[in-house]
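Peer 1: Structure supplied as model.cif; contents: mmCIF, C-alpha atoms.
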data_upload
#
loop_
_atom_site.label_atom_id
_atom_site.label_comp_id
_atom_site.auth_asym_id
_atom_site.auth_seq_id
_atom_site.Cartn_x
_atom_site.Cartn_y
_atom_site.Cartn_z
CA MET A 25 5.44 20.00 26.50
CA ASN A 26 4.69 18.46 29.91
CA SER A 27 1.12 17.69 28.99
CA ALA A 28 2.03 16.39 25.55
CA SER A 29 0.53 13.11 24.37
CA PHE A 30 2.89 10.59 22.78
CA ALA A 31 -0.08 9.25 20.86
CA GLU A 32 -0.80 12.59 19.27
CA MET A 33 2.78 13.31 18.22
CA SER A 34 4.15 12.77 14.75
CA ALA A 35 6.95 10.24 14.30
CA ARG A 36 9.54 12.98 14.20
CA GLN A 37 8.15 14.71 17.26
CA ARG A 38 8.34 11.38 19.11
CA LEU A 39 11.94 10.90 18.02
CA ALA A 40 12.84 14.33 19.30
CA ALA A 41 11.09 13.65 22.61
CA ILE A 42 12.70 10.25 23.22
CA VAL A 43 16.37 10.53 22.28
CA ASP A 44 18.95 12.90 23.75
CA ASP A 45 18.48 16.46 22.60
CA ARG A 46 19.63 16.95 19.01
CA SER A 47 21.46 13.61 18.99
CA PHE A 48 19.43 12.11 16.13
CA HIS A 49 21.39 11.68 12.92
CA GLU A 50 19.08 10.54 10.16
CA TRP A 51 20.00 8.11 7.39
CA LEU A 52 18.20 8.59 4.07
CA PRO A 53 16.67 11.87 5.27
CA PRO A 54 13.66 13.41 3.49
CA SER A 55 15.91 15.55 1.31
CA ASP A 56 17.33 12.34 -0.21
CA ARG A 57 13.83 11.67 -1.56
CA VAL A 58 14.00 7.89 -1.28
CA THR A 59 10.28 7.50 -1.84
CA SER A 60 7.85 4.76 -2.82
CA PRO A 61 8.04 3.91 -6.51
CA HIS A 62 4.46 2.59 -6.43
CA LEU A 63 2.20 5.15 -4.82
CA ALA A 64 2.13 7.69 -7.65
CA GLN A 65 0.42 5.24 -10.00
CA LEU A 66 -2.20 4.65 -7.31
CA GLY A 67 -2.88 8.38 -7.22
CA VAL A 68 -1.38 8.82 -3.76
CA PRO A 69 1.38 11.33 -3.07
CA ALA A 70 4.58 9.77 -1.72
CA ALA A 71 6.14 10.81 1.57
CA PHE A 72 9.75 12.05 1.45
CA ASP A 73 10.73 9.41 4.02
CA ASP A 74 8.17 6.73 2.98
CA GLY A 75 6.67 6.97 6.44
CA VAL A 76 9.67 6.04 8.54
CA ALA A 77 12.66 7.97 9.87
CA ILE A 78 15.75 5.89 10.66
CA GLY A 79 19.13 6.81 12.10
CA ARG A 80 21.46 6.80 15.06
CA ALA A 81 21.14 8.76 18.25
CA THR A 82 22.11 8.64 21.85
CA LEU A 83 19.79 7.74 24.70
CA SER A 84 21.06 8.83 28.09
CA GLY A 85 24.47 9.01 26.46
CA ARG A 86 24.36 5.44 25.09
CA ALA A 87 24.56 4.77 21.35
CA ILE A 88 21.33 3.53 19.82
CA PHE A 89 19.86 3.01 16.40
CA VAL A 90 16.32 4.21 16.14
CA ALA A 91 13.37 4.15 13.76
CA ALA A 92 10.04 5.94 14.01
CA GLN A 93 7.02 5.01 11.91
CA GLU A 94 4.56 7.73 10.96
CA GLY A 95 1.09 6.32 11.61
CA GLU A 96 -0.68 9.14 9.81
CA PHE A 97 0.94 8.24 6.50
CA MET A 98 -0.79 5.17 5.00
CA GLY A 99 -1.64 3.97 8.51
CA GLY A 100 2.05 3.40 9.16
CA GLY A 101 1.97 0.75 6.46
CA VAL A 102 5.29 -0.85 5.59
CA GLY A 103 5.93 -0.21 1.91
CA GLU A 104 8.89 -1.41 -0.12
CA VAL A 105 11.18 1.50 0.75
CA HIS A 106 9.92 1.72 4.33
CA GLY A 107 10.65 -1.98 4.84
CA ALA A 108 14.07 -1.73 3.21
CA LYS A 109 14.96 1.14 5.54
CA LEU A 110 14.04 -0.95 8.60
CA VAL A 111 15.96 -3.96 7.30
CA GLY A 112 18.97 -1.77 6.52
CA LEU A 113 18.88 -0.27 10.01
CA LEU A 114 18.84 -3.72 11.63
CA ARG A 115 21.61 -5.07 9.40
CA ARG A 116 23.74 -2.05 10.16
CA ALA A 117 23.09 -2.67 13.85
CA LEU A 118 24.57 -6.17 13.43
CA ARG A 119 27.66 -4.60 11.95
CA ASP A 120 28.07 -1.56 14.19
CA ARG A 121 26.76 -3.05 17.49
CA PRO A 122 24.92 -0.11 19.06
CA ASP A 123 23.74 -0.65 22.65
CA ALA A 124 20.17 -0.95 21.44
CA VAL A 125 17.82 -0.61 18.51
CA VAL A 126 14.72 1.36 19.48
CA LEU A 127 11.68 1.15 17.22
CA LEU A 128 8.92 3.70 17.68
CA ALA A 129 6.30 1.52 16.05
CA GLU A 130 2.96 2.61 14.68
CA SER A 131 1.81 0.46 11.79
CA GLY A 132 -1.20 -1.35 10.45
CA GLY A 133 1.17 -3.88 8.89
CA VAL A 134 2.47 -4.36 5.41
CA ARG A 135 1.32 -1.95 2.68
CA LEU A 136 -0.38 -4.58 0.56
CA HIS A 137 -1.29 -2.42 -2.39
CA GLU A 138 2.38 -1.75 -3.16
CA ALA A 139 2.98 -5.41 -3.99
CA ASN A 140 -0.23 -5.35 -6.01
CA ALA A 141 0.98 -2.28 -7.85
CA GLY A 142 4.12 -4.07 -8.96
CA LEU A 143 2.08 -6.95 -10.31
CA ILE A 144 -0.48 -4.66 -11.94
CA ASP A 145 2.44 -2.77 -13.51
CA ALA A 146 3.74 -5.96 -15.08
CA ARG A 147 0.26 -6.95 -16.22
CA ALA A 148 -0.45 -3.53 -17.70
CA ALA A 149 2.86 -3.73 -19.56
CA GLY A 150 1.54 -6.79 -21.36
CA ILE A 151 3.59 -9.29 -19.39
CA ALA A 152 1.47 -12.32 -18.55
CA THR A 153 1.11 -12.62 -14.77
CA VAL A 154 0.32 -16.15 -13.61
CA MET A 155 -0.48 -17.45 -10.14
CA LEU A 156 0.05 -21.15 -9.44
CA ILE A 157 -1.59 -22.00 -6.11
CA GLY A 158 -1.16 -25.53 -4.85
CA GLY A 159 0.85 -25.56 -1.63
CA ALA A 160 -0.42 -27.01 1.64
CA ASN A 161 -0.54 -23.60 3.34
CA GLY A 162 -2.71 -22.06 0.66
CA CYS A 163 -2.54 -18.45 -0.53
CA PHE A 164 -3.93 -15.97 1.97
CA GLY A 165 -3.59 -12.44 3.22
CA GLY A 166 -1.71 -10.00 1.02
CA MET A 167 -0.78 -12.75 -1.39
CA GLY A 168 -4.47 -13.57 -1.65
CA ILE A 169 -5.04 -10.07 -3.00
CA VAL A 170 -2.02 -10.28 -5.27
CA ALA A 171 -3.41 -13.50 -6.76
CA ARG A 172 -6.64 -11.82 -7.86
CA CYS A 173 -4.66 -9.08 -9.60
CA ALA A 174 -3.03 -11.56 -11.98
CA ASP A 175 -4.04 -12.43 -15.53
CA THR A 176 -4.43 -16.10 -14.68
CA VAL A 177 -5.02 -18.01 -11.43
CA VAL A 178 -4.31 -21.75 -11.53
CA MET A 179 -5.36 -23.87 -8.54
CA SER A 180 -5.45 -27.54 -7.69
CA ASP A 181 -8.50 -29.02 -6.01
CA ILE A 182 -6.61 -29.23 -2.71
CA ALA A 183 -5.27 -25.66 -2.94
CA ARG A 184 -6.84 -22.85 -0.94
CA HIS A 185 -7.13 -19.18 -1.68
CA ALA A 186 -8.78 -16.38 0.31
CA MET A 187 -8.16 -13.04 1.95
CA SER A 188 -8.34 -13.92 5.65
CA GLY A 189 -7.25 -17.41 6.59
CA PRO A 190 -9.67 -19.73 8.42
CA GLU A 191 -7.91 -19.27 11.78
CA VAL A 192 -7.96 -15.50 11.38
CA ILE A 193 -11.71 -15.47 10.67
CA GLU A 194 -12.39 -17.76 13.61
CA SER A 195 -10.28 -15.71 16.02
CA SER A 196 -11.95 -12.47 15.01
CA ASN A 197 -15.54 -13.65 14.46
CA GLY A 198 -15.79 -16.83 16.51
CA ALA A 199 -16.11 -20.53 15.70
CA GLY A 200 -19.83 -20.03 15.10
CA GLU A 201 -18.97 -17.86 12.10
CA PHE A 202 -16.23 -20.15 10.81
CA ASP A 203 -14.85 -23.27 12.45
CA SER A 204 -11.26 -23.49 11.23
CA ARG A 205 -10.97 -27.10 12.39
CA ASP A 206 -13.85 -28.21 10.16
CA ARG A 207 -11.68 -29.27 7.24
CA ALA A 208 -14.59 -29.96 4.91
CA LEU A 209 -15.98 -26.49 5.59
CA VAL A 210 -12.57 -24.87 5.09
CA TRP A 211 -12.01 -26.59 1.74
CA ARG A 212 -15.47 -25.99 0.36
CA THR A 213 -15.16 -22.30 1.30
CA THR A 214 -11.58 -21.56 0.22
CA GLY A 215 -10.56 -24.56 -1.88
CA GLY A 216 -9.81 -24.80 -5.58
CA LYS A 217 -13.18 -26.28 -6.52
CA HIS A 218 -15.03 -23.44 -4.83
CA ARG A 219 -12.81 -20.84 -6.49
CA TRP A 220 -13.37 -22.52 -9.84
CA LEU A 221 -17.14 -22.76 -9.48
CA THR A 222 -17.45 -19.13 -8.37
CA GLY A 223 -15.10 -17.80 -11.07
CA ASP A 224 -12.18 -16.69 -8.88
CA CYS A 225 -9.86 -19.31 -10.34
CA ASP A 226 -9.22 -19.57 -14.07
CA VAL A 227 -7.80 -23.07 -14.35
CA LEU A 228 -8.57 -26.01 -12.05
CA VAL A 229 -6.03 -28.83 -12.15
CA GLU A 230 -5.23 -32.00 -10.23
CA ASP A 231 -2.48 -31.88 -7.61
CA ASP A 232 0.09 -32.82 -10.23
CA PRO A 233 3.22 -30.87 -11.19
CA ALA A 234 2.80 -31.77 -14.86
CA ALA A 235 -0.74 -30.35 -14.81
CA PHE A 236 0.50 -27.12 -13.20
CA ARG A 237 3.28 -26.89 -15.80
CA ALA A 238 0.88 -27.38 -18.66
CA ALA A 239 -1.47 -24.74 -17.20
CA ALA A 240 1.43 -22.32 -16.76
CA ILE A 241 2.52 -22.81 -20.37
CA ALA A 242 -1.02 -22.23 -21.57
CA ALA A 243 -1.18 -19.04 -19.50
CA LEU A 244 1.94 -17.54 -21.08
CA ASP A 245 -0.17 -15.92 -23.78
CA VAL A 246 -3.22 -15.07 -21.69
CA HIS A 247 -3.66 -11.34 -21.21
CA ARG A 248 -6.63 -9.67 -19.64
CA PRO A 249 -6.31 -5.96 -20.35
CA MET A 250 -7.42 -3.90 -17.37
CA THR A 251 -9.92 -1.70 -19.10
CA LEU A 252 -12.59 0.25 -17.28
CA ALA A 253 -15.25 -1.82 -19.03
CA ALA A 254 -13.64 -5.09 -17.91
CA LEU A 255 -13.40 -3.90 -14.31
CA GLN A 256 -17.02 -2.71 -14.37
CA GLN A 257 -18.16 -6.07 -15.68
CA GLU A 258 -16.24 -7.86 -12.97
CA SER A 259 -17.68 -5.54 -10.35
CA MET A 260 -21.24 -6.24 -11.59
CA LEU A 261 -20.70 -9.99 -11.47
CA LEU A 262 -19.28 -9.78 -7.96
CA GLN A 263 -22.29 -7.71 -6.86
CA TRP A 264 -24.60 -10.29 -8.38
CA ARG A 265 -22.77 -13.13 -6.64
CA THR A 266 -22.94 -11.30 -3.30
CA ALA A 267 -26.64 -10.60 -3.81
CA ILE A 268 -27.63 -14.20 -4.50
CA ALA A 269 -25.40 -15.56 -1.73
CA GLY A 270 -27.40 -13.66 0.85
CA GLU A 271 -26.58 -13.92 4.53
CA GLY A 272 -24.61 -16.92 5.73
CA ALA A 273 -25.06 -19.18 2.73
CA ASP A 274 -22.86 -22.27 2.85
CA ALA A 275 -20.69 -22.92 -0.19
CA ILE A 276 -22.91 -25.80 -1.35
CA GLU A 277 -25.96 -23.54 -1.16
CA LEU A 278 -24.09 -20.87 -3.12
CA TRP A 279 -23.05 -23.32 -5.84
CA THR A 280 -26.68 -24.40 -6.19
CA LEU A 281 -27.80 -20.77 -6.43
CA LEU A 282 -25.14 -20.12 -9.08
CA GLY A 283 -26.60 -23.00 -11.10
CA VAL A 284 -24.35 -25.96 -10.29
CA ALA A 285 -26.27 -29.23 -10.69
CA ASP A 286 -26.05 -31.63 -7.73
CA ALA A 287 -23.77 -29.28 -5.78
CA ARG A 288 -23.79 -31.63 -2.80
CA ALA A 289 -21.64 -34.12 -4.75
CA VAL A 290 -18.92 -31.60 -5.59
CA PRO A 291 -16.62 -32.25 -2.58
CA ASP A 292 -16.27 -35.90 -3.62
CA LEU A 293 -15.53 -35.24 -7.29
CA ASP A 294 -12.08 -34.97 -8.83
CA ALA A 295 -10.90 -31.84 -10.63
CA ALA A 296 -11.83 -33.06 -14.10
CA ALA A 297 -15.40 -33.75 -13.00
CA VAL A 298 -15.73 -30.35 -11.33
CA ARG A 299 -14.29 -28.50 -14.34
CA VAL A 300 -17.38 -29.20 -16.44
CA LEU A 301 -19.77 -28.05 -13.71
CA ARG A 302 -18.92 -24.37 -13.74
CA PRO A 303 -22.04 -22.31 -14.43
CA ALA A 304 -21.81 -20.17 -17.58
CA ALA A 305 -22.91 -17.12 -15.61
CA VAL A 306 -19.69 -16.93 -13.57
CA ALA A 307 -17.37 -17.73 -16.45
CA PRO A 308 -16.85 -14.07 -17.43
CA LEU A 309 -15.21 -13.52 -14.02
CA ALA A 310 -12.45 -15.81 -15.15
CA ASN A 311 -10.58 -15.68 -18.43
CA GLY A 312 -10.65 -19.43 -18.77
CA GLY A 313 -14.41 -19.40 -19.03
CA ALA A 314 -14.48 -19.11 -22.79
CA MET B 11 -7.09 5.66 -12.55
CA THR B 12 -7.35 9.09 -10.95
CA GLY B 13 -3.82 10.36 -10.91
CA MET B 14 -2.16 12.99 -8.86
CA GLU B 15 -1.66 16.48 -10.12
CA THR B 16 1.85 17.87 -10.26
CA LEU B 17 2.26 21.65 -10.22
CA HIS B 18 5.33 23.84 -10.52
CA PHE B 19 5.66 27.48 -9.58
CA GLU B 20 8.55 29.91 -9.56
CA PHE B 21 8.57 33.28 -7.86
CA ASP B 22 11.20 35.95 -8.47
CA GLY B 23 12.42 38.65 -6.12
CA GLY B 24 13.21 38.49 -2.44
CA ARG B 25 16.49 38.01 -0.66
CA VAL B 26 18.64 34.97 -1.26
CA LEU B 27 19.01 32.93 1.93
CA ALA B 28 22.37 31.68 3.13
CA PRO B 29 22.61 27.88 2.85
CA PHE B 30 20.61 26.08 5.55
CA GLU B 31 19.72 22.54 6.59
CA PRO B 32 16.62 21.09 4.92
CA ALA B 33 13.48 21.38 7.04
CA LEU B 34 10.48 19.05 6.89
CA VAL B 35 7.13 19.70 8.55
CA GLY B 36 3.74 18.03 8.32
CA VAL B 37 2.63 14.58 7.27
CA VAL B 38 1.08 13.14 4.11
CA ALA B 39 -2.36 12.31 5.47
CA SER B 40 -5.94 13.15 4.62
CA GLY B 41 -6.43 16.92 4.79
CA ASN B 42 -2.77 17.38 5.55
CA LEU B 43 0.50 17.85 3.68
CA GLU B 44 4.24 17.69 4.15
CA VAL B 45 6.50 20.59 3.23
CA LEU B 46 10.23 20.22 2.59
CA VAL B 47 12.22 23.45 2.35
CA GLU B 48 15.75 23.29 0.97
CA SER B 49 18.53 25.64 -0.06
CA ALA B 50 18.87 25.94 -3.81
CA PRO B 51 21.30 27.66 -6.13
CA GLY B 52 20.03 30.70 -7.99
CA ALA B 53 17.80 33.55 -6.97
CA ALA B 54 14.36 32.05 -7.37
CA CYS B 55 11.83 30.55 -5.02
CA ARG B 56 10.72 27.34 -6.68
CA VAL B 57 7.72 25.36 -5.46
CA ASP B 58 6.86 21.82 -6.58
CA VAL B 59 3.51 20.39 -5.57
CA ASP B 60 2.27 16.79 -5.77
CA THR B 61 -1.39 16.75 -4.80
CA SER B 62 -4.09 14.10 -4.75
CA ALA B 63 -6.72 16.81 -5.28
CA ARG B 64 -6.86 17.73 -8.94
CA GLY B 65 -8.00 21.04 -10.39
CA PHE B 66 -6.93 23.49 -7.71
CA GLY B 67 -3.95 25.02 -9.55
CA ALA B 68 -5.26 28.57 -9.30
CA ILE B 69 -5.78 28.29 -5.55
CA TRP B 70 -2.29 26.83 -5.10
CA GLU B 71 -0.86 29.73 -7.05
CA ALA B 72 -2.70 32.26 -4.87
CA VAL B 73 -1.68 30.60 -1.60
CA LEU B 74 1.96 30.25 -2.70
CA ARG B 75 2.15 33.80 -4.05
CA ASP B 76 0.87 34.99 -0.71
CA PHE B 77 3.50 32.86 1.07
CA HIS B 78 6.26 34.31 -1.08
CA ALA B 79 5.07 37.84 -0.49
CA ARG B 80 4.96 37.19 3.26
CA HIS B 81 8.48 35.78 3.54
CA GLY B 82 10.25 37.40 0.56
CA ILE B 83 12.73 34.54 0.20
CA ALA B 84 14.87 33.34 -2.69
CA GLY B 85 17.47 30.64 -3.25
CA VAL B 86 14.94 28.18 -1.96
CA THR B 87 13.10 25.09 -3.18
CA VAL B 88 9.83 24.16 -1.51
CA SER B 89 8.53 20.64 -2.18
CA ILE B 90 5.00 19.72 -1.16
CA HIS B 91 3.17 16.39 -0.94
CA ASP B 92 -0.49 17.17 -0.38
CA MET B 93 -3.56 15.09 0.35
CA GLY B 94 -6.31 17.65 0.05
CA ALA B 95 -5.28 20.17 2.71
CA THR B 96 -7.32 23.39 2.82
CA PRO B 97 -5.58 26.66 1.84
CA ALA B 98 -5.46 27.69 5.50
CA VAL B 99 -3.67 24.49 6.49
CA VAL B 100 -1.26 24.90 3.58
CA SER B 101 -0.40 28.45 4.70
CA LEU B 102 0.13 27.30 8.28
CA ARG B 103 2.43 24.47 7.18
CA LEU B 104 4.44 26.83 4.96
CA ASP B 105 4.92 29.26 7.85
CA GLN B 106 5.79 26.35 10.15
CA ALA B 107 8.38 25.16 7.62
CA MET B 108 10.00 28.61 7.54
CA SER B 109 10.06 28.67 11.35
CA ALA B 110 11.86 25.32 11.21
CA VAL B 111 14.35 26.77 8.73
CA TRP B 112 15.12 29.71 11.03
CA GLY B 113 15.22 27.49 14.10
CA ALA B 114 17.10 24.59 12.55
CA PRO B 115 20.37 23.73 14.27
CA PRO B 116 23.43 24.55 12.15
#
Could you write out this structure as structure tokens?

Peer 2:
Amino acid sequence: MNSASFAEMSARQRLAAIVDDRSFHEWLPPSDRVTSPHLAQLGVPAAFDDGVAIGRATLSGRAIFVAAQEGEFMGGGVGEVHGAKLVGLLRRALRDRPDAVVLLAESGGVRLHEANAGLIDARAAGIATVMLIGGANGCFGGMGIVARCADTVVMSDIARHAMSGPEVIESSNGAGEFDSRDRALVWRTTGGKHRWLTGDCDVLVEDDPAAFRAAAIAALDVHRPMTLAALQQESMLLQWRTAIAGEGADAIELWTLLGVADARAVPDLDAAAVRVLRPAAVAPLANGGA
Amino acid sequence: MTGMETLHFEFDGGRVLAPFEPALVGVVASGNLEVLVESAPGAACRVDVDTSARGFGAIWEAVLRDFHARHGIAGVTVSIHDMGATPAVVSLRLDQAMSAVWGAPP
């Protein structure tokens, strides 16, 4: 195996190549079948080890704990079980004090759809799922996806919600694409008013705990069954929105195109004033549009 | 939602293997599969398949029957997680898994 490529090896081949010969003792081995409880419902076969092998071994005679992530399985994504195995390994290291913990890492990050699956599970079971978004740091990344899987999304006018955060977009596409320090731009592109006007948010409230509480109570009995027809309708509306937005439209331009009167005034209005401006055409995207 | 297909097969005959350590080969990835071979009580060769590709039960049966005829083993459970591997890849993985069983440290 002199000419072997580490990159081309599987996680288990790497383990065997790195630690002392036959010294690896695996915890929760594949035959224990500690697998993802979420993947089956997404139509994806589980892996017997959820994409990570953990255990103890020796390295040049020294005791180590070791984990190897399998990049071929879900891009090395850290699912619930996978993450718990890593956490367990590190906690056990605190207790047992090996000379080192060696992580053979290959991962695209956290397996977002597993968290979504849990939420979708609850929603499909008829349990109202409600997102209240109003903190200063907004709701981005994986939690941004989770939010859009819920029955109801409640936002304040100062809340923000998106997939990639402003800094992430700027660092990957440049300040010309999105200037994260332009606060007005950031809020009119990710803020509660924008999400309300484009149909991504179901309830727009003021930055007031009592308003959030009232919205949460109202959402307790809101259920949006995930039928094929409902998903197809949402998909069509999103396609329409993308089509009219065109290339590089600013939020104000988009609001105008969606049918918002005097869109330029929106950033200066309070939540109550913006609530009545939502165009009827986007209302079906949100359940609060009725 | 397009679900997985779960298939079960059982083949009789063959010699019962002495207990051995479980062996795992392959990876759950596109066009690939993982195969876990374990000792099992009884005199059957049982195969459980989870596959993302629906509607290939007859081909699975043919490939697995061929595998069983090739190795003539019993007292074994074979568990497969598949993501659309071709029959040739499946056969290779099954043979690789049996090599791992024979070569596995005690």

Peer 1: So that I can see what lies close to Phe202 in chain A, please list as a list in words the residues with an atom at most 10 Å from it, counting only C-alpha atoms and leaving out residues fewer than 5 positions away in the same chain.

Peer 2: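 Listing them by chain and then by number gives Pro190, Glu191, Val192, Ile193, Glu194, Ser195, Ser196, Asn197, Leu209, Val210 and Thr213 of chain A.
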
Peer 1: What residues in chain A have any atom no more than 12 Å from chain B when counting only C-alpha atoms, and can you write them as a PyMOL selection string?

Peer 2: chain A and resi 33-37+45-48+53-57+59+63-77+93-100+250-252+255

Peer 1: Taking 6 positions as the minimum chain separation for residues in the same chain, which residues sit within 9 Å of Ala117 in chain A when counting all atoms listed in the file? Answer as an MDAnalysis selection string.

Peer 2: chainID A and resid 88:89 124:125

Peer 1: Could you tell me which residues the PyMOL selection byres ((chain B and resi 108) around 12) returns for this structure, as a ChimeraX atom specification?

Peer 2: /B:27,30-35,45-49,77-78,80-83,86-88,101-107,109-114

Peer 1: Please, what distance in Å, to one decimal, runs between CA of Ala285 in chain A and CA of Val229 in chain A?

Peer 2: 20.3 Å

Peer 1: For the provided coordinates, the residues matched by the PyMOL selection byres ((chain A and resi 289) around 12) should be stated as a PyMOL selection string.

Peer 2: chain A and resi 212+217+276-277+279-280+284-288+290-294+297-298+301

Peer 1: By how many Å are CA of Ser188 in chain A and CA of Phe164 in chain A apart?

Peer 2: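 Result for CA of Ser188 in chain A versus CA of Phe164 in chain A: 6.1 Å, one decimal.
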
Peer 1: Under the PyMOL selection byres ((chain A and resi 172-179) around 6), which residues of this model are included? Write them out as a PyMOL selection string.

Peer 2: chain A and resi 153-158+169-171+180+183+216+225-228+247-248
